[in-house]
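Here is the structure we will look at.
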Amino acid sequence: MVALALLVLQGAGQIINQVTEPAVLAVCVAYLAATVILRVLARRGPPSPGAGPQWLPSIGVDLAAITALQLLHAGAMNYTPLFGLPILTAAVLGTLTLALGTTAGVTLLLLGWAWWVGTRTAGDEAQRYLQSALTGTGYFIVSYLVHQLATRLTREQEVAHQSQVAARVQTQVSALVIQNLTDGVLVVDENNVVRVANPAGLQLLGGGTLPELPFALTTILPWQPLVTLAQRTFRNEQPQTADVDLLHAGQSPTGLHARTWLTSTRQAAIQAHTERLCVMFLHDLREMEARLRTEKLAAMGRMSAAVAHEIRNPLAAIVQANALLEEDLHDPAQKRLAHMVQQNADRLARIAEEVLDIARVQHQISHAPASTVQLDEAIAQIWNDWQAQNPAQRRAVVTLDSHATQVEFDAEHLRRVLVNLLDNALRYRGKESDSLCVTTRITPVGQVSLQVWSDGAPMDKSVERHLFEPFFSSESRSSGLGLYICRELCQRHGASISYQRLNRETLRGETGGNAFTVGFRRTTRPADSATLFDTIVV
């Protein structure tokens, strides 16, 4: 731009004054050509800031062009103010040494110009030298101050860039944390508009299809308790806690435990020129109750194990005494009473055994040797034994497609896992002949699996999260140990067990159901004989 301005200025001046100075025009054209070439070759990147020959194409050309214009121009035009251009360039883009060196070179050129003028014209040479020295001094001051300002600006830019990067990373981390929280998070402004909401929060709001963010809490009537809580938080400027119920039409009430915080007070928001936001955390009361119930059941399980261990000996004495007494009884009424005692004693023994079962399984798992079984053959035997106990009720579709594959699993442990899964499936299955399906298969990647599927109703999410925890059960009469023991046995043999809601083709069409899948570790070793520890009777 400076080169173009010089060229236009010289051309217009020579046309107006009708004076021809081809040397001056040639310098202006050469200066413009040099700047264009530098622009293309430099690719918009400045040279390294240290003093060196890399600055000759830019600062060196500037100094040469300005000096040539000053020497060749015959009029009263003074080009010395243009020396500020290379000085500013050196001060902004280079080091302090480069800036002061460029300023020193410009000062020497000014002093040389004063000497040149003195040799060609008469006058006060001291004044000209003093003027050149004063101009050079001013240039030194300007170059130093500009370099300090440029350095500070560069430092602040680096700090700002680092802060921006850190803020971006922190934002990404916060977004990931919020998105993956199991608790719901809503960010609400003073107009009751939800600015941010994580998937858990949107799921807890419920009510069918939700509007896209941002949306107003006042648009749906069941959300009014949350609106009231947010307004109370803004009004009191204090964290709030409340249990609320969201009553959607045609749905069961959703109980939530809500906690709120403000991002800042009104006074702080005014001073910082920001807006206040209410951060609302939503917890599913059903989940909290399920967690508390699990902890209580675990504590009760530990206590029950100790109690069960203590009552086994007196219970055995009762059973033995009742058997001896029954031998001497002849009255049918008394025999019925003795039989009732025997039945209830057996029931108490089974309960005690179930409570102590978990400790036994842990012991057997830690002492069981590795063994292998032929999966299809073992599953067929277990199914036949289980089905023979009640052929009329225990019906299923059995499909064995693992092609005699050997898997690492103890035969009795496999029986225990499968019988537990079958008992659970039988409890919730429908009455159709294909309501229960047992399948084995090999996936294309070579994974061998066993699946027990039944067309039961979907599980509640709070129940699904704790399926494999000890002493957790959705039924009051269950000990809650079956699935936990299955998981422990699978982990012992390097297998996995999982639950999923799965659709399956049946005689009624595609039917949804609950599927428990055991993934085995495949082996090529021959099947081993039975293990050396006692078998737990299911």
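Identifiers in this document derive from the order of the structure tokens: chains are assigned A, B, ..., residues are numbered from 1 separately in each chain, and ligands are numbered from 1 in order of occurrence.
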
Name the residues in contact with Arg429 (chain A) at a cut-off of 7 Å, using only C-alpha atoms, excluding same-chain residues fewer than 3 positions from it; report them as an MDAnalysis selection string.
chainID A and resid 425:426 435:436 454:456

Run DSSP on the backbone and grab whatever in region 304-511 of chain A lands in alpha helix (DSSP H); send it over as a ChimeraX atom specification.
/A:304-327,332-367,375-388,411-428,461-464,482-492

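Minimum atom-to-atom distance to Val36 (chain A), evaluated using only C-alpha atoms, belongs to A:Met1 out of A:Leu9, A:Cys278, A:Ile16, A:Met1.
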
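The two atoms in question, CA of Leu181 (chain A) and CA of Ala197 (chain A), are spaced 11.0 Å apart.
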
As a PDB file with all heavy atoms, in the first residue's frame, please: the residues near Thr35 (chain A) (cut-off 9 Å, only C-alpha atoms, same-chain neighbours under 2 positions excluded).
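Once written, around-v8.pdb looks like this:
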ATOM      1  N   ALA A   3       3.913   1.454  -1.211  1.00  0.00           N
ATOM      2  CA  ALA A   3       4.548   1.548  -2.534  1.00  0.00           C
ATOM      3  C   ALA A   3       3.571   2.088  -3.568  1.00  0.00           C
ATOM      4  O   ALA A   3       3.930   2.926  -4.423  1.00  0.00           O
ATOM      5  CB  ALA A   3       5.072   0.176  -2.948  1.00  0.00           C
ATOM      6  N   ALA A  30      10.190  -0.033  -8.897  1.00  0.00           N
ATOM      7  CA  ALA A  30      11.030  -1.109  -8.370  1.00  0.00           C
ATOM      8  C   ALA A  30      10.640  -1.454  -6.930  1.00  0.00           C
ATOM      9  O   ALA A  30      10.618  -2.643  -6.539  1.00  0.00           O
ATOM     10  CB  ALA A  30      12.495  -0.688  -8.434  1.00  0.00           C
ATOM     11  N   TYR A  31      10.280  -0.415  -6.144  1.00  0.00           N
ATOM     12  CA  TYR A  31       9.870  -0.655  -4.759  1.00  0.00           C
ATOM     13  C   TYR A  31       8.573  -1.471  -4.719  1.00  0.00           C
ATOM     14  O   TYR A  31       8.423  -2.416  -3.938  1.00  0.00           O
ATOM     15  CB  TYR A  31       9.714   0.683  -4.051  1.00  0.00           C
ATOM     16  CG  TYR A  31       9.404   0.570  -2.571  1.00  0.00           C
ATOM     17  CD1 TYR A  31      10.054  -0.359  -1.764  1.00  0.00           C
ATOM     18  CD2 TYR A  31       8.447   1.393  -1.976  1.00  0.00           C
ATOM     19  CE1 TYR A  31       9.779  -0.460  -0.418  1.00  0.00           C
ATOM     20  CE2 TYR A  31       8.160   1.302  -0.628  1.00  0.00           C
ATOM     21  CZ  TYR A  31       8.831   0.372   0.147  1.00  0.00           C
ATOM     22  OH  TYR A  31       8.552   0.271   1.484  1.00  0.00           O
ATOM     23  N   LEU A  32       7.624  -1.120  -5.600  1.00  0.00           N
ATOM     24  CA  LEU A  32       6.363  -1.849  -5.664  1.00  0.00           C
ATOM     25  C   LEU A  32       6.604  -3.305  -6.097  1.00  0.00           C
ATOM     26  O   LEU A  32       6.025  -4.240  -5.527  1.00  0.00           O
ATOM     27  CB  LEU A  32       5.402  -1.157  -6.639  1.00  0.00           C
ATOM     28  CG  LEU A  32       4.056  -1.857  -6.869  1.00  0.00           C
ATOM     29  CD1 LEU A  32       3.291  -1.988  -5.566  1.00  0.00           C
ATOM     30  CD2 LEU A  32       3.239  -1.108  -7.904  1.00  0.00           C
ATOM     31  N   ALA A  33       7.464  -3.498  -7.095  1.00  0.00           N
ATOM     32  CA  ALA A  33       7.754  -4.854  -7.552  1.00  0.00           C
ATOM     33  C   ALA A  33       8.409  -5.680  -6.441  1.00  0.00           C
ATOM     34  O   ALA A  33       8.091  -6.870  -6.254  1.00  0.00           O
ATOM     35  CB  ALA A  33       8.651  -4.804  -8.780  1.00  0.00           C
ATOM     36  N   ILE A  37       6.943  -9.156  -4.807  1.00  0.00           N
ATOM     37  CA  ILE A  37       7.737 -10.391  -4.802  1.00  0.00           C
ATOM     38  C   ILE A  37       7.904 -10.920  -3.376  1.00  0.00           C
ATOM     39  O   ILE A  37       7.768 -12.130  -3.107  1.00  0.00           O
ATOM     40  CB  ILE A  37       9.102 -10.136  -5.456  1.00  0.00           C
ATOM     41  CG1 ILE A  37       8.912  -9.829  -6.944  1.00  0.00           C
ATOM     42  CG2 ILE A  37      10.024 -11.335  -5.276  1.00  0.00           C
ATOM     43  CD1 ILE A  37      10.178  -9.413  -7.643  1.00  0.00           C
ATOM     44  N   LEU A  38       8.183 -10.011  -2.427  1.00  0.00           N
ATOM     45  CA  LEU A  38       8.340 -10.426  -1.030  1.00  0.00           C
ATOM     46  C   LEU A  38       7.034 -11.012  -0.486  1.00  0.00           C
ATOM     47  O   LEU A  38       7.038 -11.991   0.247  1.00  0.00           O
ATOM     48  CB  LEU A  38       8.788  -9.238  -0.179  1.00  0.00           C
ATOM     49  CG  LEU A  38       8.991  -9.528   1.309  1.00  0.00           C
ATOM     50  CD1 LEU A  38      10.092 -10.554   1.516  1.00  0.00           C
ATOM     51  CD2 LEU A  38       9.306  -8.252   2.076  1.00  0.00           C
ATOM     52  N   ARG A  39       5.941 -10.396  -0.875  1.00  0.00           N
ATOM     53  CA  ARG A  39       4.630 -10.880  -0.418  1.00  0.00           C
ATOM     54  C   ARG A  39       4.374 -12.312  -0.901  1.00  0.00           C
ATOM     55  O   ARG A  39       3.867 -13.159  -0.160  1.00  0.00           O
ATOM     56  CB  ARG A  39       3.541  -9.942  -0.943  1.00  0.00           C
ATOM     57  CG  ARG A  39       2.124 -10.362  -0.637  1.00  0.00           C
ATOM     58  CD  ARG A  39       1.738 -10.017   0.774  1.00  0.00           C
ATOM     59  NE  ARG A  39       0.342 -10.253   1.058  1.00  0.00           N
ATOM     60  CZ  ARG A  39      -0.317  -9.739   2.067  1.00  0.00           C
ATOM     61  NH1 ARG A  39       0.320  -8.939   2.913  1.00  0.00           N
ATOM     62  NH2 ARG A  39      -1.579 -10.013   2.271  1.00  0.00           N
ATOM     63  N   VAL A  40       4.753 -12.588  -2.144  1.00  0.00           N
ATOM     64  CA  VAL A  40       4.505 -13.911  -2.710  1.00  0.00           C
ATOM     65  C   VAL A  40       5.459 -14.948  -2.116  1.00  0.00           C
ATOM     66  O   VAL A  40       5.035 -16.041  -1.725  1.00  0.00           O
ATOM     67  CB  VAL A  40       4.641 -13.864  -4.245  1.00  0.00           C
ATOM     68  CG1 VAL A  40       4.566 -15.270  -4.826  1.00  0.00           C
ATOM     69  CG2 VAL A  40       3.566 -12.963  -4.837  1.00  0.00           C
ATOM     70  N   PRO A  57      15.484  -8.334   2.600  1.00  0.00           N
ATOM     71  CA  PRO A  57      14.426  -8.143   1.594  1.00  0.00           C
ATOM     72  C   PRO A  57      13.286  -7.241   2.050  1.00  0.00           C
ATOM     73  O   PRO A  57      12.537  -6.743   1.210  1.00  0.00           O
ATOM     74  CB  PRO A  57      13.922  -9.569   1.340  1.00  0.00           C
ATOM     75  CG  PRO A  57      15.042 -10.462   1.766  1.00  0.00           C
ATOM     76  CD  PRO A  57      15.677  -9.764   2.911  1.00  0.00           C
ATOM     77  N   SER A  58      13.125  -7.036   3.327  1.00  0.00           N
ATOM     78  CA  SER A  58      12.030  -6.188   3.810  1.00  0.00           C
ATOM     79  C   SER A  58      12.550  -4.861   4.334  1.00  0.00           C
ATOM     80  O   SER A  58      12.411  -3.804   3.682  1.00  0.00           O
ATOM     81  CB  SER A  58      11.242  -6.936   4.903  1.00  0.00           C
ATOM     82  OG  SER A  58      12.134  -7.381   5.936  1.00  0.00           O
ATOM     83  N   VAL A  61      15.256  -3.276   1.931  1.00  0.00           N
ATOM     84  CA  VAL A  61      14.672  -2.668   0.737  1.00  0.00           C
ATOM     85  C   VAL A  61      13.971  -1.365   1.084  1.00  0.00           C
ATOM     86  O   VAL A  61      14.039  -0.367   0.339  1.00  0.00           O
ATOM     87  CB  VAL A  61      13.711  -3.658   0.062  1.00  0.00           C
ATOM     88  CG1 VAL A  61      12.922  -2.983  -1.049  1.00  0.00           C
ATOM     89  CG2 VAL A  61      14.490  -4.845  -0.495  1.00  0.00           C
TER      90      VAL A  61
END

Where does DSSP see strand (DSSP E) in region 49-272 of chain A, if you list the residues as a PyMOL selection string?
chain A and resi 184-189+193-197+215-216+240-246+254-262

Write the residues of the selection above to a file with C-alpha atoms, as a PDB file, in the first residue's frame.
ATOM      1  CA  GLY A 184     -30.156 -35.542  35.627  1.00  0.00           C
ATOM      2  CA  VAL A 185     -28.703 -32.060  35.134  1.00  0.00           C
ATOM      3  CA  LEU A 186     -30.706 -29.038  33.987  1.00  0.00           C
ATOM      4  CA  VAL A 187     -29.442 -25.465  33.573  1.00  0.00           C
ATOM      5  CA  VAL A 188     -32.360 -23.022  33.833  1.00  0.00           C
ATOM      6  CA  ASP A 189     -32.338 -19.235  33.383  1.00  0.00           C
ATOM      7  CA  VAL A 193     -35.894 -21.723  29.933  1.00  0.00           C
ATOM      8  CA  VAL A 194     -33.757 -24.879  30.015  1.00  0.00           C
ATOM      9  CA  ARG A 195     -30.442 -23.958  28.378  1.00  0.00           C
ATOM     10  CA  VAL A 196     -28.558 -27.226  28.949  1.00  0.00           C
ATOM     11  CA  ALA A 197     -29.818 -30.714  29.811  1.00  0.00           C
ATOM     12  CA  PHE A 215     -37.168 -25.049  25.825  1.00  0.00           C
ATOM     13  CA  ALA A 216     -39.332 -23.530  28.546  1.00  0.00           C
ATOM     14  CA  GLN A 240     -32.748 -25.476  47.513  1.00  0.00           C
ATOM     15  CA  THR A 241     -33.655 -29.137  48.062  1.00  0.00           C
ATOM     16  CA  ALA A 242     -37.040 -30.724  47.520  1.00  0.00           C
ATOM     17  CA  ASP A 243     -38.792 -33.971  46.616  1.00  0.00           C
ATOM     18  CA  VAL A 244     -41.184 -33.442  43.719  1.00  0.00           C
ATOM     19  CA  ASP A 245     -43.571 -35.621  41.734  1.00  0.00           C
ATOM     20  CA  LEU A 246     -44.024 -35.223  37.985  1.00  0.00           C
ATOM     21  CA  THR A 254     -42.109 -39.876  38.634  1.00  0.00           C
ATOM     22  CA  GLY A 255     -40.607 -39.101  42.021  1.00  0.00           C
ATOM     23  CA  LEU A 256     -37.534 -36.875  41.915  1.00  0.00           C
ATOM     24  CA  HIS A 257     -35.147 -35.570  44.535  1.00  0.00           C
ATOM     25  CA  ALA A 258     -34.094 -32.130  43.230  1.00  0.00           C
ATOM     26  CA  ARG A 259     -31.199 -29.943  44.369  1.00  0.00           C
ATOM     27  CA  THR A 260     -30.473 -26.493  42.959  1.00  0.00           C
ATOM     28  CA  TRP A 261     -27.577 -24.013  43.015  1.00  0.00           C
ATOM     29  CA  LEU A 262     -27.117 -20.542  41.524  1.00  0.00           C
TER      30      LEU A 262
END

Kindly indicate which residue among A:Arg43, A:Val106, A:Asn198, A:Val165 lies nearest to Gly60 (chain A), using only C-alpha atoms for the distances.
A:Val106

Please provide as an mmCIF file with N, CA and C atoms, in the first residue's frame all residues within 8 Å of region 149-155 of chain A, with the sequence filter that same-chain residues fewer than 3 positions apart are discarded (counting only C-alpha atoms).
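Okay, this is what ended up in result.cif:
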data_model
loop_
_atom_site.group_PDB
_atom_site.id
_atom_site.type_symbol
_atom_site.label_atom_id
_atom_site.label_comp_id
_atom_site.auth_asym_id
_atom_site.auth_seq_id
_atom_site.Cartn_x
_atom_site.Cartn_y
_atom_site.Cartn_z
ATOM 1 N N ALA A 91 10.590 -3.024 15.208
ATOM 2 C CA ALA A 91 10.196 -3.000 16.621
ATOM 3 C C ALA A 91 9.070 -3.988 16.913
ATOM 4 N N VAL A 92 8.147 -4.170 15.966
ATOM 5 C CA VAL A 92 6.992 -5.038 16.200
ATOM 6 C C VAL A 92 7.335 -6.496 15.954
ATOM 7 N N LEU A 145 9.693 1.905 22.825
ATOM 8 C CA LEU A 145 8.339 1.797 23.370
ATOM 9 C C LEU A 145 7.467 0.846 22.554
ATOM 10 N N VAL A 146 7.576 0.942 21.229
ATOM 11 C CA VAL A 146 6.775 0.057 20.386
ATOM 12 C C VAL A 146 7.179 -1.403 20.592
ATOM 13 N N GLU A 158 -0.274 -15.018 23.977
ATOM 14 C CA GLU A 158 0.070 -16.394 24.314
ATOM 15 C C GLU A 158 -0.705 -16.865 25.539
ATOM 16 N N VAL A 159 -0.792 -15.997 26.551
ATOM 17 C CA VAL A 159 -1.546 -16.360 27.751
ATOM 18 C C VAL A 159 -3.021 -16.566 27.411
#

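Atom pair CA of Pro86 (chain A) / CA of Thr107 (chain A) has a distance of 12.4 Å (rounded to one decimal).
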
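Neighbouring residues of Arg487 (chain A) at 8 Å or closer, counting only C-alpha atoms and skipping chain neighbours under 6 positions away, are Phe468, Ser496 and Ile497 of chain A.
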
Could you name the residues that touch Leu111 (chain A) at 10 Å or less, counting only C-alpha atoms, but leaving out those on the same chain fewer than 6 positions away, as number ranges by chain?
A: 105, 117, 128-133, 135-136

Polymer residues at most 8 Å from region 23-28 of chain A, only C-alpha atoms, same-chain spacing of 3 or more positions, as JSON, numbers by chain
{"A": [3, 6, 7, 10, 11, 31, 32, 65, 68, 69, 72, 73]}
